[in-house]
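What follows is the content of query_33.pdb, which has PDB, C-alpha atoms and all ligand atoms:
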```pdb
ATOM      1  CA  MET Y1218     -23.204  32.347 -64.313
ATOM      2  CA  ASN Y1219     -20.335  33.522 -66.467
ATOM      3  CA  GLN Y1220     -18.650  30.181 -65.899
ATOM      4  CA  LEU Y1221     -21.809  28.422 -66.947
ATOM      5  CA  ILE Y1222     -22.062  30.426 -70.111
ATOM      6  CA  SER Y1223     -18.404  30.153 -71.000
ATOM      7  CA  ASP Y1224     -18.661  26.370 -70.621
ATOM      8  CA  THR Y1225     -21.176  26.222 -73.408
ATOM      9  CA  GLN Y1226     -20.168  29.282 -75.369
ATOM     10  CA  GLN Y1227     -18.811  28.753 -78.825
ATOM     11  CA  LYS Y1228     -16.769  31.095 -80.894
ATOM     12  CA  THR Y1229     -18.678  33.257 -83.290
ATOM     13  CA  ASN Y1230     -18.387  32.328 -86.935
ATOM     14  CA  THR Y1231     -20.571  35.156 -88.086
ATOM     15  CA  SER Y1232     -17.982  37.761 -88.855
ATOM     16  CA  LEU Y1233     -15.026  38.372 -91.038
ATOM     17  CA  ASP Y1234     -12.419  40.211 -89.002
ATOM     18  CA  TYR Y1235     -15.174  41.087 -86.515
ATOM     19  CA  ASP Y1236     -12.943  42.877 -84.028
ATOM     20  CA  SER Y1237     -11.641  45.527 -86.383
ATOM     21  CA  HIS Y1238     -14.790  46.026 -88.470
ATOM     22  CA  PRO Y1239     -17.778  45.191 -86.310
ATOM     23  CA  GLY Y1240     -21.001  45.027 -88.228
ATOM     24  CA  ARG Y1241     -19.959  45.914 -91.721
ATOM     25  CA  ASP Y1242     -18.232  42.741 -92.825
ATOM     26  CA  GLU Y1243     -20.330  40.020 -91.265
ATOM     27  CA  LEU Y1244     -20.747  36.999 -93.471
ATOM     28  CA  VAL Y1245     -24.068  35.977 -91.928
ATOM     29  CA  PRO Y1246     -26.939  38.436 -92.373
ATOM     30  CA  SER Y1247     -28.235  40.101 -89.222
ATOM     31  CA  ARG Y1248     -31.196  42.060 -90.589
ATOM     32  CA  TYR Y1249     -34.308  41.167 -92.530
ATOM     33  CA  ALA Y1250     -36.793  43.732 -93.833
ATOM     34  CA  LEU Y1251     -40.431  43.298 -94.755
ATOM     35  CA  ARG Y1252     -43.539  45.438 -95.102
ATOM     36  CA  ILE Y1253     -46.916  45.011 -93.498
ATOM     37  CA  GLY Y1254     -49.119  47.266 -95.627
ATOM     38  CA  GLN Y1255     -47.750  50.773 -95.001
ATOM     39  CA  ILE Y1256     -45.588  49.702 -92.042
ATOM     40  CA  ASP Y1257     -41.847  49.039 -92.441
ATOM     41  CA  VAL Y1258     -40.530  46.197 -90.299
ATOM     42  CA  LEU Y1259     -36.861  45.320 -89.791
ATOM     43  CA  VAL Y1260     -35.860  42.280 -87.740
ATOM     44  CA  VAL Y1261     -32.349  42.798 -86.327
ATOM     45  CA  SER Y1262     -30.355  40.103 -84.553
ATOM     46  CA  ASP Y1263     -28.660  40.889 -81.242
ATOM     47  CA  GLY Y1264     -26.794  37.575 -81.549
ATOM     48  CA  VAL Y1265     -27.412  34.340 -79.681
ATOM     49  CA  LEU Y1266     -27.311  33.262 -76.057
ATOM     50  CA  THR Y1267     -26.272  29.705 -75.164
ATOM     51  CA  LEU Y1268     -28.115  28.176 -72.205
ATOM     52  CA  PRO Y1269     -28.488  24.674 -70.750
ATOM     53  CA  GLY Y1270     -31.024  22.494 -72.586
ATOM     54  CA  ALA Y1271     -33.069  22.119 -69.399
ATOM     55  CA  MET Y1272     -34.212  25.753 -69.728
ATOM     56  CA  LEU Y1273     -36.446  24.661 -72.610
ATOM     57  CA  ALA Y1274     -38.766  22.598 -70.438
ATOM     58  CA  HIS Y1275     -38.340  22.145 -66.714
ATOM     59  CA  ASN Y1276     -41.592  20.147 -66.514
ATOM     60  CA  ALA Y1277     -40.551  17.609 -69.177
ATOM     61  CA  GLU Y1278     -38.779  14.312 -68.538
ATOM     62  CA  PRO Y1279     -35.068  14.888 -69.275
ATOM     63  CA  ALA Y1280     -35.066  11.947 -71.676
ATOM     64  CA  VAL Y1281     -38.031  13.401 -73.596
ATOM     65  CA  ARG Y1282     -36.379  16.807 -73.761
ATOM     66  CA  GLU Y1283     -33.098  15.282 -74.937
ATOM     67  CA  ALA Y1284     -34.969  13.282 -77.568
ATOM     68  CA  TRP Y1285     -36.519  16.511 -78.877
ATOM     69  CA  LEU Y1286     -33.053  18.073 -79.122
ATOM     70  CA  ALA Y1287     -31.663  14.954 -80.842
ATOM     71  CA  ASP Y1288     -34.576  14.968 -83.305
ATOM     72  CA  ASN Y1289     -33.590  18.543 -84.156
ATOM     73  CA  PHE Y1290     -29.902  17.648 -84.618
ATOM     74  CA  LEU Y1291     -28.931  19.664 -81.540
ATOM     75  CA  PRO Y1292     -26.640  18.754 -78.632
ATOM     76  CA  PRO Y1293     -28.404  17.401 -75.494
ATOM     77  CA  ASP Y1294     -27.028  19.871 -72.992
ATOM     78  CA  ALA Y1295     -27.011  23.326 -74.604
ATOM     79  CA  PHE Y1296     -29.351  25.376 -76.722
ATOM     80  CA  ASP Y1297     -28.683  28.573 -78.631
ATOM     81  CA  TRP Y1298     -31.394  31.147 -78.058
ATOM     82  CA  ALA Y1299     -31.601  33.645 -80.863
ATOM     83  CA  LEU Y1300     -32.053  37.273 -79.767
ATOM     84  CA  ASN Y1301     -34.255  39.146 -82.245
ATOM     85  CA  ALA Y1302     -35.264  42.786 -81.902
ATOM     86  CA  VAL Y1303     -37.471  44.702 -84.326
ATOM     87  CA  VAL Y1304     -37.536  48.235 -85.721
ATOM     88  CA  VAL Y1305     -40.969  49.400 -86.894
ATOM     89  CA  LYS Y1306     -41.628  52.575 -88.886
ATOM     90  CA  SER Y1307     -45.151  53.915 -89.170
ATOM     91  CA  GLY Y1308     -46.761  57.336 -89.341
ATOM     92  CA  GLY Y1309     -43.439  59.174 -89.020
ATOM     93  CA  ARG Y1310     -42.442  57.306 -85.861
ATOM     94  CA  THR Y1311     -39.459  54.953 -85.526
ATOM     95  CA  ILE Y1312     -40.087  52.321 -82.892
ATOM     96  CA  LEU Y1313     -37.493  49.968 -81.426
ATOM     97  CA  VAL Y1314     -39.132  46.845 -80.014
ATOM     98  CA  ASP Y1315     -36.817  45.418 -77.330
ATOM     99  CA  ALA Y1316     -33.140  46.229 -77.097
ATOM    100  CA  GLY Y1317     -31.151  43.011 -76.730
ATOM    101  CA  MET Y1318     -28.722  41.895 -74.049
ATOM    102  CA  GLY Y1319     -26.311  44.805 -73.930
ATOM    103  CA  GLU Y1320     -23.056  44.451 -72.057
ATOM    104  CA  GLU Y1321     -24.310  43.059 -68.774
ATOM    105  CA  PHE Y1322     -22.104  40.010 -69.290
ATOM    106  CA  PRO Y1323     -19.100  39.366 -71.509
ATOM    107  CA  LEU Y1324     -20.908  37.234 -74.083
ATOM    108  CA  PRO Y1325     -19.100  37.196 -77.416
ATOM    109  CA  ARG Y1326     -22.212  36.334 -79.441
ATOM    110  CA  ALA Y1327     -24.846  38.511 -77.743
ATOM    111  CA  GLY Y1328     -25.186  42.273 -77.344
ATOM    112  CA  GLN Y1329     -24.568  43.035 -81.006
ATOM    113  CA  LEU Y1330     -27.657  45.176 -81.620
ATOM    114  CA  PRO Y1331     -26.008  48.644 -81.548
ATOM    115  CA  HIS Y1332     -23.480  48.014 -84.310
ATOM    116  CA  ARG Y1333     -26.012  46.003 -86.306
ATOM    117  CA  LEU Y1334     -28.555  48.842 -86.122
ATOM    118  CA  GLU Y1335     -25.841  51.189 -87.305
ATOM    119  CA  ALA Y1336     -24.923  48.831 -90.149
ATOM    120  CA  ALA Y1337     -28.620  48.740 -91.101
ATOM    121  CA  GLY Y1338     -28.691  52.553 -91.319
ATOM    122  CA  ILE Y1339     -30.792  52.983 -88.173
ATOM    123  CA  ASP Y1340     -29.531  56.004 -86.267
ATOM    124  CA  LEU Y1341     -30.408  55.660 -82.566
ATOM    125  CA  SER Y1342     -31.231  59.386 -82.450
ATOM    126  CA  SER Y1343     -34.017  58.710 -84.972
ATOM    127  CA  VAL Y1344     -35.783  56.317 -82.578
ATOM    128  CA  THR Y1345     -38.894  58.099 -81.250
ATOM    129  CA  ASP Y1346     -40.327  55.209 -79.223
ATOM    130  CA  VAL Y1347     -39.163  52.050 -77.509
ATOM    131  CA  VAL Y1348     -41.618  49.230 -76.813
ATOM    132  CA  LEU Y1349     -40.608  46.645 -74.230
ATOM    133  CA  THR Y1350     -42.211  43.216 -74.249
ATOM    134  CA  HIS Y1351     -40.908  42.833 -70.693
ATOM    135  CA  MET Y1352     -37.971  43.819 -68.490
ATOM    136  CA  HIS Y1353     -35.730  40.734 -68.608
ATOM    137  CA  MET Y1354     -32.141  41.756 -69.261
ATOM    138  CA  ASP Y1355     -32.003  40.225 -72.751
ATOM    139  CA  HIS Y1356     -34.719  42.726 -73.750
ATOM    140  CA  VAL Y1357     -33.611  45.915 -71.966
ATOM    141  CA  GLY Y1358     -29.828  45.458 -71.554
ATOM    142  CA  GLY Y1359     -29.023  47.183 -74.842
ATOM    143  CA  LEU Y1360     -30.428  50.459 -73.519
ATOM    144  CA  LEU Y1361     -27.933  50.430 -70.637
ATOM    145  CA  ILE Y1362     -24.876  50.611 -72.903
ATOM    146  CA  ASP Y1363     -23.254  54.047 -72.529
ATOM    147  CA  CYS Y1364     -22.855  54.676 -76.256
ATOM    148  CA  VAL Y1365     -26.545  53.813 -76.780
ATOM    149  CA  LYS Y1366     -27.803  56.051 -73.972
ATOM    150  CA  GLU Y1367     -25.802  58.985 -75.302
ATOM    151  CA  GLN Y1368     -27.467  58.783 -78.695
ATOM    152  CA  LEU Y1369     -31.082  58.456 -77.573
ATOM    153  CA  ARG Y1370     -33.331  61.497 -77.860
ATOM    154  CA  PRO Y1371     -34.306  63.329 -74.677
ATOM    155  CA  ASP Y1372     -38.005  63.028 -75.597
ATOM    156  CA  LEU Y1373     -37.848  59.243 -76.143
ATOM    157  CA  ARG Y1374     -41.034  57.454 -75.041
ATOM    158  CA  ILE Y1375     -40.751  53.955 -73.553
ATOM    159  CA  HIS Y1376     -43.995  51.975 -73.698
ATOM    160  CA  LEU Y1377     -44.469  49.048 -71.337
ATOM    161  CA  ALA Y1378     -47.262  47.567 -69.286
ATOM    162  CA  ALA Y1379     -47.923  49.164 -65.907
ATOM    163  CA  ALA Y1380     -48.073  45.609 -64.512
ATOM    164  CA  GLU Y1381     -44.478  45.049 -65.631
ATOM    165  CA  VAL Y1382     -43.222  48.119 -63.770
ATOM    166  CA  LYS Y1383     -45.135  47.051 -60.666
ATOM    167  CA  PHE Y1384     -43.811  43.466 -60.885
ATOM    168  CA  TRP Y1385     -40.155  44.523 -60.919
ATOM    169  CA  GLU Y1386     -40.565  46.637 -57.816
ATOM    170  CA  SER Y1387     -40.748  43.333 -55.910
ATOM    171  CA  PRO Y1388     -40.288  40.484 -58.417
ATOM    172  CA  ASP Y1389     -41.381  36.915 -57.626
ATOM    173  CA  PHE Y1390     -38.875  34.281 -58.788
ATOM    174  CA  SER Y1391     -40.478  31.360 -56.930
ATOM    175  CA  ARG Y1392     -41.745  29.578 -60.096
ATOM    176  CA  VAL Y1393     -38.775  30.044 -62.431
ATOM    177  CA  SER Y1394     -36.089  27.431 -63.114
ATOM    178  CA  MET Y1395     -32.993  29.364 -64.105
ATOM    179  CA  PRO Y1396     -29.264  28.681 -63.868
ATOM    180  CA  GLU Y1397     -27.593  29.930 -60.713
ATOM    181  CA  GLY Y1398     -26.883  33.637 -60.833
ATOM    182  CA  PHE Y1399     -29.632  34.494 -63.304
ATOM    183  CA  PRO Y1400     -32.314  35.676 -60.834
ATOM    184  CA  ASP Y1401     -29.863  38.103 -59.214
ATOM    185  CA  ALA Y1402     -28.658  39.344 -62.592
ATOM    186  CA  LEU Y1403     -32.224  39.853 -63.828
ATOM    187  CA  ARG Y1404     -33.237  41.703 -60.660
ATOM    188  CA  ARG Y1405     -30.162  43.896 -60.788
ATOM    189  CA  THR Y1406     -30.564  44.788 -64.472
ATOM    190  CA  ALA Y1407     -34.281  45.597 -64.172
ATOM    191  CA  LYS Y1408     -33.640  47.752 -61.090
ATOM    192  CA  ARG Y1409     -30.902  49.690 -62.856
ATOM    193  CA  PHE Y1410     -33.053  50.053 -65.969
ATOM    194  CA  MET Y1411     -35.956  51.486 -63.950
ATOM    195  CA  GLU Y1412     -33.648  53.907 -62.141
ATOM    196  CA  GLU Y1413     -32.159  55.204 -65.366
ATOM    197  CA  TYR Y1414     -35.250  55.318 -67.578
ATOM    198  CA  ARG Y1415     -38.329  55.688 -65.383
ATOM    199  CA  SER Y1416     -38.888  59.320 -66.431
ATOM    200  CA  LYS Y1417     -39.394  58.142 -70.022
ATOM    201  CA  PHE Y1418     -41.896  55.373 -69.194
ATOM    202  CA  ARG Y1419     -45.354  55.602 -70.775
ATOM    203  CA  PRO Y1420     -47.087  52.749 -68.932
ATOM    204  CA  PHE Y1421     -50.350  51.320 -70.260
ATOM    205  CA  GLU Y1422     -52.901  49.040 -68.602
ATOM    206  CA  ASP Y1423     -54.058  46.609 -71.325
ATOM    207  CA  GLU Y1424     -52.915  48.071 -74.624
ATOM    208  CA  CYS Y1425     -51.865  51.229 -76.414
ATOM    209  CA  GLU Y1426     -51.485  52.388 -80.008
ATOM    210  CA  VAL Y1427     -47.910  53.583 -80.444
ATOM    211  CA  ALA Y1428     -48.275  54.615 -84.092
ATOM    212  CA  PRO Y1429     -50.813  53.988 -86.868
ATOM    213  CA  GLY Y1430     -51.374  50.211 -87.053
ATOM    214  CA  VAL Y1431     -48.894  49.518 -84.224
ATOM    215  CA  ARG Y1432     -50.514  48.279 -81.016
ATOM    216  CA  VAL Y1433     -48.804  46.867 -77.945
ATOM    217  CA  CYS Y1434     -51.022  44.525 -75.934
ATOM    218  CA  ARG Y1435     -50.414  43.043 -72.504
ATOM    219  CA  THR Y1436     -50.615  39.247 -72.360
ATOM    220  CA  GLY Y1437     -49.023  38.415 -69.009
ATOM    221  CA  GLY Y1438     -47.735  34.876 -68.504
ATOM    222  CA  HIS Y1439     -43.980  35.008 -69.062
ATOM    223  CA  THR Y1440     -43.966  38.006 -66.720
ATOM    224  CA  PRO Y1441     -47.128  39.694 -65.377
ATOM    225  CA  GLY Y1442     -46.678  42.632 -67.736
ATOM    226  CA  HIS Y1443     -45.394  40.699 -70.754
ATOM    227  CA  SER Y1444     -46.765  42.273 -73.940
ATOM    228  CA  VAL Y1445     -46.834  41.549 -77.660
ATOM    229  CA  VAL Y1446     -46.745  43.993 -80.566
ATOM    230  CA  ARG Y1447     -49.492  43.669 -83.160
ATOM    231  CA  LEU Y1448     -49.095  45.277 -86.574
ATOM    232  CA  ALA Y1449     -51.985  45.709 -88.989
ATOM    233  CA  SER Y1450     -52.016  47.705 -92.213
ATOM    234  CA  GLY Y1451     -53.532  47.300 -95.665
ATOM    235  CA  GLY Y1452     -55.145  43.989 -94.738
ATOM    236  CA  GLU Y1453     -51.820  42.475 -93.605
ATOM    237  CA  ARG Y1454     -50.928  41.498 -90.049
ATOM    238  CA  LEU Y1455     -47.847  40.541 -88.045
ATOM    239  CA  THR Y1456     -47.429  39.837 -84.337
ATOM    240  CA  PHE Y1457     -44.114  40.147 -82.503
ATOM    241  CA  ALA Y1458     -44.631  37.639 -79.710
ATOM    242  CA  GLY Y1459     -41.610  38.440 -77.533
ATOM    243  CA  ASP Y1460     -41.069  35.517 -75.127
ATOM    244  CA  LEU Y1461     -44.507  33.928 -75.436
ATOM    245  CA  VAL Y1462     -43.351  31.464 -78.094
ATOM    246  CA  PHE Y1463     -40.083  29.541 -78.228
ATOM    247  CA  THR Y1464     -38.797  27.068 -80.809
ATOM    248  CA  VAL Y1465     -40.089  24.114 -78.761
ATOM    249  CA  GLY Y1466     -43.436  25.803 -78.175
ATOM    250  CA  PHE Y1467     -45.076  24.598 -81.383
ATOM    251  CA  GLU Y1468     -44.653  20.869 -80.780
ATOM    252  CA  HIS Y1469     -44.811  21.275 -77.008
ATOM    253  CA  PRO Y1470     -46.799  24.402 -76.136
ATOM    254  CA  ASP Y1471     -47.280  23.075 -72.586
ATOM    255  CA  TRP Y1472     -43.551  22.828 -71.833
ATOM    256  CA  TYR Y1473     -42.587  25.304 -69.132
ATOM    257  CA  ASN Y1474     -39.708  27.559 -70.066
ATOM    258  CA  GLY Y1475     -37.276  28.174 -67.202
ATOM    259  CA  PHE Y1476     -37.668  31.947 -67.487
ATOM    260  CA  GLU Y1477     -41.445  32.015 -67.127
ATOM    261  CA  HIS Y1478     -42.531  33.583 -63.842
ATOM    262  CA  ASP Y1479     -46.000  32.017 -64.104
ATOM    263  CA  PRO Y1480     -45.508  28.907 -66.269
ATOM    264  CA  GLU Y1481     -49.130  27.697 -66.267
ATOM    265  CA  GLU Y1482     -50.407  31.098 -67.359
ATOM    266  CA  ALA Y1483     -47.562  31.413 -69.902
ATOM    267  CA  ALA Y1484     -48.629  28.091 -71.483
ATOM    268  CA  ARG Y1485     -52.293  29.164 -71.576
ATOM    269  CA  VAL Y1486     -51.417  32.491 -73.210
ATOM    270  CA  ARG Y1487     -49.061  30.774 -75.676
ATOM    271  CA  ILE Y1488     -51.700  28.272 -76.787
ATOM    272  CA  ARG Y1489     -54.331  31.005 -77.134
ATOM    273  CA  LEU Y1490     -52.014  33.148 -79.282
ATOM    274  CA  LEU Y1491     -50.860  30.235 -81.474
ATOM    275  CA  ARG Y1492     -54.491  29.217 -82.085
ATOM    276  CA  GLU Y1493     -55.366  32.782 -83.036
ATOM    277  CA  LEU Y1494     -52.382  33.162 -85.391
ATOM    278  CA  ALA Y1495     -53.156  29.820 -87.038
ATOM    279  CA  ALA Y1496     -56.785  30.845 -87.541
ATOM    280  CA  ASN Y1497     -56.177  34.315 -88.968
ATOM    281  CA  ARG Y1498     -53.012  33.312 -90.899
ATOM    282  CA  GLU Y1499     -51.003  36.344 -89.778
ATOM    283  CA  LEU Y1500     -47.205  36.433 -89.596
ATOM    284  CA  LEU Y1501     -45.293  35.705 -86.405
ATOM    285  CA  VAL Y1502     -41.895  37.019 -85.306
ATOM    286  CA  SER Y1503     -40.486  36.175 -81.905
ATOM    287  CA  THR Y1504     -37.433  37.007 -79.829
ATOM    288  CA  HIS Y1505     -35.813  33.641 -79.300
ATOM    289  CA  MET Y1506     -36.587  31.701 -82.475
ATOM    290  CA  PRO Y1507     -33.848  31.393 -85.101
ATOM    291  CA  PHE Y1508     -33.304  34.640 -87.021
ATOM    292  CA  PRO Y1509     -35.264  36.159 -88.644
ATOM    293  CA  SER Y1510     -38.100  34.042 -87.201
ATOM    294  CA  VAL Y1511     -40.654  35.303 -89.724
ATOM    295  CA  GLY Y1512     -43.297  32.701 -90.475
ATOM    296  CA  HIS Y1513     -46.794  31.352 -90.087
ATOM    297  CA  VAL Y1514     -48.399  29.090 -87.521
ATOM    298  CA  ALA Y1515     -50.283  25.951 -88.526
ATOM    299  CA  VAL Y1516     -52.283  23.577 -86.377
ATOM    300  CA  ALA Y1517     -50.718  20.084 -86.284
ATOM    301  CA  GLY Y1518     -52.878  17.556 -84.473
ATOM    302  CA  ASP Y1519     -53.243  18.789 -80.910
ATOM    303  CA  ALA Y1520     -50.139  21.007 -81.216
ATOM    304  CA  PHE Y1521     -48.719  23.424 -83.779
ATOM    305  CA  ARG Y1522     -46.164  23.735 -86.545
ATOM    306  CA  PHE Y1523     -44.028  26.753 -87.503
ATOM    307  CA  VAL Y1524     -43.764  27.423 -91.238
ATOM    308  CA  PRO Y1525     -40.959  29.904 -92.004
ATOM    309  CA  VAL Y1526     -41.595  32.219 -94.941
ATOM    310  CA  PRO Y1527     -39.233  31.878 -97.892
ATOM    311  CA  TRP Y1528     -36.760  34.760 -97.780
ATOM    312  CA  ASP Y1529     -37.826  37.551-100.103
ATOM    313  CA  TYR Y1530     -34.738  38.920-101.888
TER     314      TYR Y1530
HETATM  315 ZN    ZN X1601     -36.100  36.771 -73.474
END
```
Would you mind giving the structure from this file in structure tokens?
Ligand SMILES: [Zn+2]
Amino acid sequence: MNQLISDTQQKTNTSLDYDSHPGRDELVPSRYALRIGQIDVLVVSDGVLTLPGAMLAHNAEPAVREAWLADNFLPPDAFDWALNAVVVKSGGRTILVDAGMGEEFPLPRAGQLPHRLEAAGIDLSSVTDVVLTHMHMDHVGGLLIDCVKEQLRPDLRIHLAAAEVKFWESPDFSRVSMPEGFPDALRRTAKRFMEEYRSKFRPFEDECEVAPGVRVCRTGGHTPGHSVVRLASGGERLTFAGDLVFTVGFEHPDWYNGFEHDPEEAARVRIRLLRELAANRELLVSTHMPFPSVGHVAVAGDAFRFVPVPWDY
């Protein structure tokens, strides 16, 4: 897998003298703050992960998929997946939603969350709760970094769906379409994560309220316990959709992503969520859409359209 990634990996251009001053001197912004009523929201980038273009849609004709990439001025054989995590503050609690890739693999552009949280003034010891959309390594890997573990509070609560914990005890990879090496890496990372953090798990069945106006709701689909975070305060709403929605998912909501363990269900859940967000006009943020991925969803014919919000300086 490392070979595969290094084949498509490009050098970062996001930092000035990155090696000696990680985080502080980056030329490209890695955090974006907004408020939803009384709730503070900070989108923080963990970097990007380059994967083969086929991961975007293993049920699409290659020529159709390549045409989509060409229409978007992207190369035919590789796609950069953004890695967005979110920090939410509400009711005196500081909640980290997903934790990025960590150091599971030597990827120069991913795994940047710890120094970017620090640069944003977020002290890991101030984090009271972690919410996990699911247990893929690009969402939990950051918590396995030694310097991160050392800083976390002993009374940290980790909220995730009970179905997700159950799934990873004996995960089914029969419906995925991943590059060689990925299933083993995902199994290994989830197993290690459960061994190291199980005592902090606060599993829920369908949903739980983590803090005032902050609900985590199980959707299933991508993984059986995949969950989204729904924020509501002062008449405003935002949903962090995790891996339910990808960049291609607006024009092609029925394209099967290679990392979906139940692709048909993932497509159904995606379409249901996009319809709901378009109808109630709430904001969307998602893990793998280009940073900061804050925008609205519109209906476009029998598919959808993503409308990014103008940056608010
Ligand atoms: Zn992911």
Considering only C-alpha atoms and all ligand atoms, give me a table of residues in chain Y that are at most 10 Å from ligand ZN 1601 (chain X), with the closest atom pair and distance in Å for each, as a Markdown table.
```
| residue | atom | partner | partner_atom | distance |
| --- | --- | --- | --- | --- |
| Y:Leu1266 | CA | X:ZN1601 | ZN | 9.8 |
| Y:Trp1298 | CA | X:ZN1601 | ZN | 8.6 |
| Y:Ala1299 | CA | X:ZN1601 | ZN | 9.2 |
| Y:Leu1300 | CA | X:ZN1601 | ZN | 7.5 |
| Y:Asn1301 | CA | X:ZN1601 | ZN | 9.3 |
| Y:Asp1315 | CA | X:ZN1601 | ZN | 9.5 |
| Y:Gly1317 | CA | X:ZN1601 | ZN | 8.6 |
| Y:Met1318 | CA | X:ZN1601 | ZN | 9.0 |
| Y:Thr1350 | CA | X:ZN1601 | ZN | 8.9 |
| Y:His1351 | CA | X:ZN1601 | ZN | 8.2 |
| Y:Met1352 | CA | X:ZN1601 | ZN | 8.8 |
| Y:His1353 | CA | X:ZN1601 | ZN | 6.3 |
| Y:Met1354 | CA | X:ZN1601 | ZN | 7.6 |
| Y:Asp1355 | CA | X:ZN1601 | ZN | 5.4 |
| Y:His1356 | CA | X:ZN1601 | ZN | 6.1 |
| Y:Val1357 | CA | X:ZN1601 | ZN | 9.6 |
| Y:His1439 | CA | X:ZN1601 | ZN | 9.2 |
| Y:Gly1459 | CA | X:ZN1601 | ZN | 7.0 |
| Y:Asp1460 | CA | X:ZN1601 | ZN | 5.4 |
| Y:Leu1461 | CA | X:ZN1601 | ZN | 9.1 |
| Y:Phe1463 | CA | X:ZN1601 | ZN | 9.5 |
| Y:Phe1476 | CA | X:ZN1601 | ZN | 7.8 |
| Y:Glu1477 | CA | X:ZN1601 | ZN | 9.6 |
| Y:Ser1503 | CA | X:ZN1601 | ZN | 9.5 |
| Y:Thr1504 | CA | X:ZN1601 | ZN | 6.5 |
| Y:His1505 | CA | X:ZN1601 | ZN | 6.6 |
```
> Can you list, as an NGL selection string, the residues that the PyMOL selection byres (((chain Y and resi 1449) around 10) and not hetatm) selects here?
Replying inline: :Y and (1253-1256 or 1429-1432 or 1447-1448 or 1450-1456 or 1499)
> Contacts of range 1415-1427 of chain Y at 10 Å or less, counting all atoms listed in the file, minus same-chain residues fewer than 5 places along, as an MDAnalysis selection string?
Replying inline: chainID Y and resid 1307:1308 1310:1312 1346:1348 1371:1382 1409:1410 1432:1437 1442 1444:1448
> Applied to the shown file, which residues does the PyMOL selection byres (((chain Y and resi 1516) around 10) and not hetatm) return, written as a PyMOL selection string?
Replying inline: chain Y and resi 1467-1468+1491-1492+1494-1496+1514-1515+1517-1523
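Our summary of the geometry notes that CA of Asp1529 in chain Y is positioned 11.0 Å from CA of Val1511 in chain Y.
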> With all atoms listed in the file as the basis for distance, which of Y:Val1314, Y:Met1411, Y:Leu1291, Y:Val1344 is at the shortest distance from Val1260 in chain Y?
Replying inline: Y:Val1314
> With distances taken over all atoms listed in the file, which of Y:Glu1321, Y:Asp1401, Y:Glu1283, Y:Glu1482 is nearest to Leu1360 in chain Y?
Replying inline: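 Comparing Y:Glu1321, Y:Asp1401, Y:Glu1283, Y:Glu1482 against Leu1360 in chain Y, the winner is Y:Glu1321.
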May I have the centre and edge lengths, in Å to one decimal, of an axis-aligned box around the listed atoms of range 1404-1414 of chain Y with 4 Å added to every side, as lines of an AutoDock Vina configuration file?
```
center_x = -33.1
center_y = 48.5
center_z = -64.1
size_x = 13.8
size_y = 21.6
size_z = 14.9
```
